[in-house]
Amino acid sequence: MSGVPESHALPAGQLVRQATGGDLDAFEQLIHRFQRRVYGFAYHHLRDASEAHDLTQEIFVKLYRNLGRYDQERPFEPWFWKLAANTTINYRRRRVPVPTETTDDEAREAPSGQSPHDPALVQALAQLDPSYRLPILLHYYADLSLEQVSQTLNLSVAAVKSRLYRARAQLRNALAEDEEFTDSPK
């Protein structure tokens, strides 16, 4: 025996089928499998550890409530990340103003296992339009492939590539401006 629980070796789709049938252990395995990535996604979106924990919990509650809507003939992850992205958008509309500055305390509260990001990068990401920010977060922080991002956002792969290209260009410009500002003599 490898010491790995049998359900951990199961594909996400199988865990979803079991969880839909009422198997709470299977749902718990889904949570464990995605928890770090979901928290990282939420933290990079909100830049507040406490709010990221709340949003992570809300995403998993929504997942549980919507398991019956998942089409088991399709891949699970794109569906799940679309649910996470939509929940995040609704959460921000309802509760959280976009922070304009990252404090040293917030940098220390970055998700465990992840190094805090450059505050300039975090600020530049926050300034991106959601149509550009979501593909960046899904591709680079949630580690979804271009195809999975396209399915999640109901876009073509070409549109995702275009948005990623534009987002990276905007981030480069914002970071260059920030660097010029911080390098200028006072």
# chains A, B, ... in the order shown; residues from 1 in each chain; ligands from 1

$ select_by_dssp --residues "range 4-182 of chain A" --states "helix (DSSP H, G or I)" --output "PyMOL selection string"
chain A and resi 6-9+12-20+24-46+49-69+76-94+104-108+119-127+130-141+146-153+157-182

$ residues_around --residues "Pro75 in chain A" --least-positions-apart "2" --cutoff "9 Å" --atoms "only C-alpha atoms" --output "MDAnalysis selection string"
chainID A and resid 12:13 71:73 77:79 148

$ closest_residue --among "A:Arg74, A:Arg133, A:His45, A:Arg168" --to "Tyr91 in chain A" --atoms "only C-alpha atoms"
A:His45

$ atom_distance --atom1 "CA of Ser150 in chain A" --atom2 "CA of Leu63 in chain A"
20.0 Å

$ closest_residue --among "A:Tyr70, A:Leu175, A:Gln18, A:Ala84" --to "Leu137 in chain A" --atoms "only C-alpha atoms"
A:Ala84

$ atom_distance --atom1 "CA of Phe27 in chain A" --atom2 "CA of Leu55 in chain A"
17.8 Å

$ atom_distance --atom1 "CA of Ala120 in chain A" --atom2 "CA of His139 in chain A"
19.8 Å

$ closest_residue --among "A:Leu164, A:Val157, A:Leu30, A:Leu171" --to "Leu128 in chain A" --atoms "only C-alpha atoms"
A:Leu171

$ residues_around --residues "Glu28 in chain A" --least-positions-apart "3" --cutoff "10 Å" --atoms "only C-alpha atoms" --output "ChimeraX atom specification"
/A:15,19,23-25,31-33,60

$ decode --residues "range 114-163 of chain A" --atoms "N, CA and C atoms" --output "CSV table (one decimal), in the first residue's frame"
chain,number,residue,atom,x,y,z
A,114,GLN,N,3.2,29.8,-0.2
A,114,GLN,CA,3.5,30.7,-1.3
A,114,GLN,C,4.2,31.9,-0.8
A,115,SER,N,5.2,32.3,-1.5
A,115,SER,CA,5.9,33.5,-1.1
A,115,SER,C,5.0,34.7,-1.4
A,116,PRO,N,5.1,35.8,-0.6
A,116,PRO,CA,4.3,36.9,-0.9
A,116,PRO,C,4.8,37.5,-2.3
A,117,HIS,N,3.9,38.0,-3.0
A,117,HIS,CA,4.3,38.6,-4.3
A,117,HIS,C,4.7,40.1,-4.1
A,118,ASP,N,5.4,40.5,-5.1
A,118,ASP,CA,5.8,41.9,-5.1
A,118,ASP,C,4.5,42.8,-5.0
A,119,PRO,N,4.5,43.7,-4.1
A,119,PRO,CA,3.3,44.6,-3.9
A,119,PRO,C,3.0,45.3,-5.2
A,120,ALA,N,4.0,45.7,-6.0
A,120,ALA,CA,3.7,46.3,-7.3
A,120,ALA,C,2.9,45.4,-8.2
A,121,LEU,N,3.3,44.1,-8.2
A,121,LEU,CA,2.6,43.2,-9.1
A,121,LEU,C,1.1,43.0,-8.6
A,122,VAL,N,1.0,42.9,-7.3
A,122,VAL,CA,-0.4,42.7,-6.7
A,122,VAL,C,-1.2,43.9,-7.1
A,123,GLN,N,-0.7,45.1,-6.9
A,123,GLN,CA,-1.4,46.4,-7.3
A,123,GLN,C,-1.7,46.4,-8.8
A,124,ALA,N,-0.8,46.0,-9.6
A,124,ALA,CA,-1.0,46.0,-11.1
A,124,ALA,C,-2.1,45.0,-11.4
A,125,LEU,N,-2.1,43.8,-10.8
A,125,LEU,CA,-3.2,42.9,-11.0
A,125,LEU,C,-4.6,43.4,-10.6
A,126,ALA,N,-4.6,44.1,-9.5
A,126,ALA,CA,-5.8,44.7,-9.0
A,126,ALA,C,-6.4,45.7,-9.9
A,127,GLN,N,-5.5,46.4,-10.6
A,127,GLN,CA,-6.0,47.5,-11.6
A,127,GLN,C,-6.5,46.9,-12.9
A,128,LEU,N,-6.2,45.7,-13.2
A,128,LEU,CA,-6.6,45.1,-14.5
A,128,LEU,C,-8.1,44.9,-14.5
A,129,ASP,N,-8.7,45.1,-15.6
A,129,ASP,CA,-10.1,44.9,-15.8
A,129,ASP,C,-10.4,43.4,-15.6
A,130,PRO,N,-11.5,43.0,-15.0
A,130,PRO,CA,-11.7,41.6,-14.7
A,130,PRO,C,-11.7,40.7,-15.9
A,131,SER,N,-12.0,41.2,-17.1
A,131,SER,CA,-11.9,40.4,-18.3
A,131,SER,C,-10.5,40.0,-18.6
A,132,TYR,N,-9.5,40.7,-18.1
A,132,TYR,CA,-8.1,40.4,-18.3
A,132,TYR,C,-7.5,39.7,-17.0
A,133,ARG,N,-8.0,40.1,-15.8
A,133,ARG,CA,-7.5,39.6,-14.6
A,133,ARG,C,-7.9,38.1,-14.4
A,134,LEU,N,-9.2,37.7,-14.8
A,134,LEU,CA,-9.6,36.3,-14.6
A,134,LEU,C,-8.8,35.4,-15.4
A,135,PRO,N,-8.5,35.6,-16.7
A,135,PRO,CA,-7.6,34.7,-17.4
A,135,PRO,C,-6.2,34.5,-16.8
A,136,ILE,N,-5.7,35.6,-16.3
A,136,ILE,CA,-4.4,35.6,-15.7
A,136,ILE,C,-4.4,34.7,-14.4
A,137,LEU,N,-5.4,35.0,-13.6
A,137,LEU,CA,-5.5,34.2,-12.3
A,137,LEU,C,-5.8,32.7,-12.6
A,138,LEU,N,-6.7,32.5,-13.5
A,138,LEU,CA,-7.0,31.1,-13.8
A,138,LEU,C,-5.8,30.3,-14.4
A,139,HIS,N,-5.1,31.0,-15.3
A,139,HIS,CA,-4.0,30.3,-16.0
A,139,HIS,C,-2.7,30.2,-15.1
A,140,TYR,N,-2.3,31.3,-14.5
A,140,TYR,CA,-1.1,31.3,-13.8
A,140,TYR,C,-1.2,31.0,-12.3
A,141,TYR,N,-2.3,31.3,-11.7
A,141,TYR,CA,-2.5,31.0,-10.2
A,141,TYR,C,-3.2,29.7,-10.0
A,142,ALA,N,-4.2,29.4,-10.8
A,142,ALA,CA,-5.0,28.2,-10.6
A,142,ALA,C,-4.4,27.0,-11.5
A,143,ASP,N,-3.4,27.4,-12.3
A,143,ASP,CA,-2.7,26.4,-13.1
A,143,ASP,C,-3.6,25.7,-14.1
A,144,LEU,N,-4.6,26.4,-14.7
A,144,LEU,CA,-5.4,25.8,-15.7
A,144,LEU,C,-4.7,25.9,-17.0
A,145,SER,N,-4.9,25.0,-17.9
A,145,SER,CA,-4.4,25.1,-19.3
A,145,SER,C,-5.2,26.1,-20.0
A,146,LEU,N,-4.7,26.5,-21.2
A,146,LEU,CA,-5.4,27.5,-22.0
A,146,LEU,C,-6.8,26.9,-22.4
A,147,GLU,N,-6.9,25.6,-22.7
A,147,GLU,CA,-8.2,25.0,-23.0
A,147,GLU,C,-9.1,25.1,-21.9
A,148,GLN,N,-8.6,24.8,-20.7
A,148,GLN,CA,-9.5,24.8,-19.5
A,148,GLN,C,-10.0,26.3,-19.2
A,149,VAL,N,-9.1,27.2,-19.4
A,149,VAL,CA,-9.5,28.6,-19.2
A,149,VAL,C,-10.5,29.0,-20.2
A,150,SER,N,-10.4,28.6,-21.4
A,150,SER,CA,-11.3,28.9,-22.5
A,150,SER,C,-12.7,28.3,-22.2
A,151,GLN,N,-12.7,27.1,-21.7
A,151,GLN,CA,-14.0,26.4,-21.3
A,151,GLN,C,-14.6,27.1,-20.1
A,152,THR,N,-13.8,27.5,-19.1
A,152,THR,CA,-14.3,28.2,-17.9
A,152,THR,C,-14.9,29.5,-18.2
A,153,LEU,N,-14.3,30.3,-19.1
A,153,LEU,CA,-14.8,31.6,-19.4
A,153,LEU,C,-15.7,31.7,-20.7
A,154,ASN,N,-16.0,30.5,-21.3
A,154,ASN,CA,-16.8,30.5,-22.5
A,154,ASN,C,-16.2,31.3,-23.6
A,155,LEU,N,-14.9,31.2,-23.8
A,155,LEU,CA,-14.1,31.9,-24.8
A,155,LEU,C,-13.4,30.9,-25.7
A,156,SER,N,-13.0,31.4,-26.8
A,156,SER,CA,-12.1,30.5,-27.7
A,156,SER,C,-10.7,30.5,-27.1
A,157,VAL,N,-9.9,29.6,-27.4
A,157,VAL,CA,-8.5,29.5,-27.0
A,157,VAL,C,-7.8,30.8,-27.5
A,158,ALA,N,-8.1,31.2,-28.7
A,158,ALA,CA,-7.5,32.4,-29.3
A,158,ALA,C,-7.9,33.6,-28.5
A,159,ALA,N,-9.1,33.7,-28.1
A,159,ALA,CA,-9.5,34.9,-27.2
A,159,ALA,C,-8.8,34.9,-25.9
A,160,VAL,N,-8.6,33.7,-25.3
A,160,VAL,CA,-7.9,33.6,-24.0
A,160,VAL,C,-6.4,34.0,-24.3
A,161,LYS,N,-5.8,33.5,-25.3
A,161,LYS,CA,-4.4,33.9,-25.6
A,161,LYS,C,-4.3,35.4,-25.8
A,162,SER,N,-5.3,36.0,-26.5
A,162,SER,CA,-5.3,37.5,-26.7
A,162,SER,C,-5.4,38.2,-25.4
A,163,ARG,N,-6.3,37.8,-24.6
A,163,ARG,CA,-6.5,38.4,-23.3
A,163,ARG,C,-5.3,38.3,-22.4
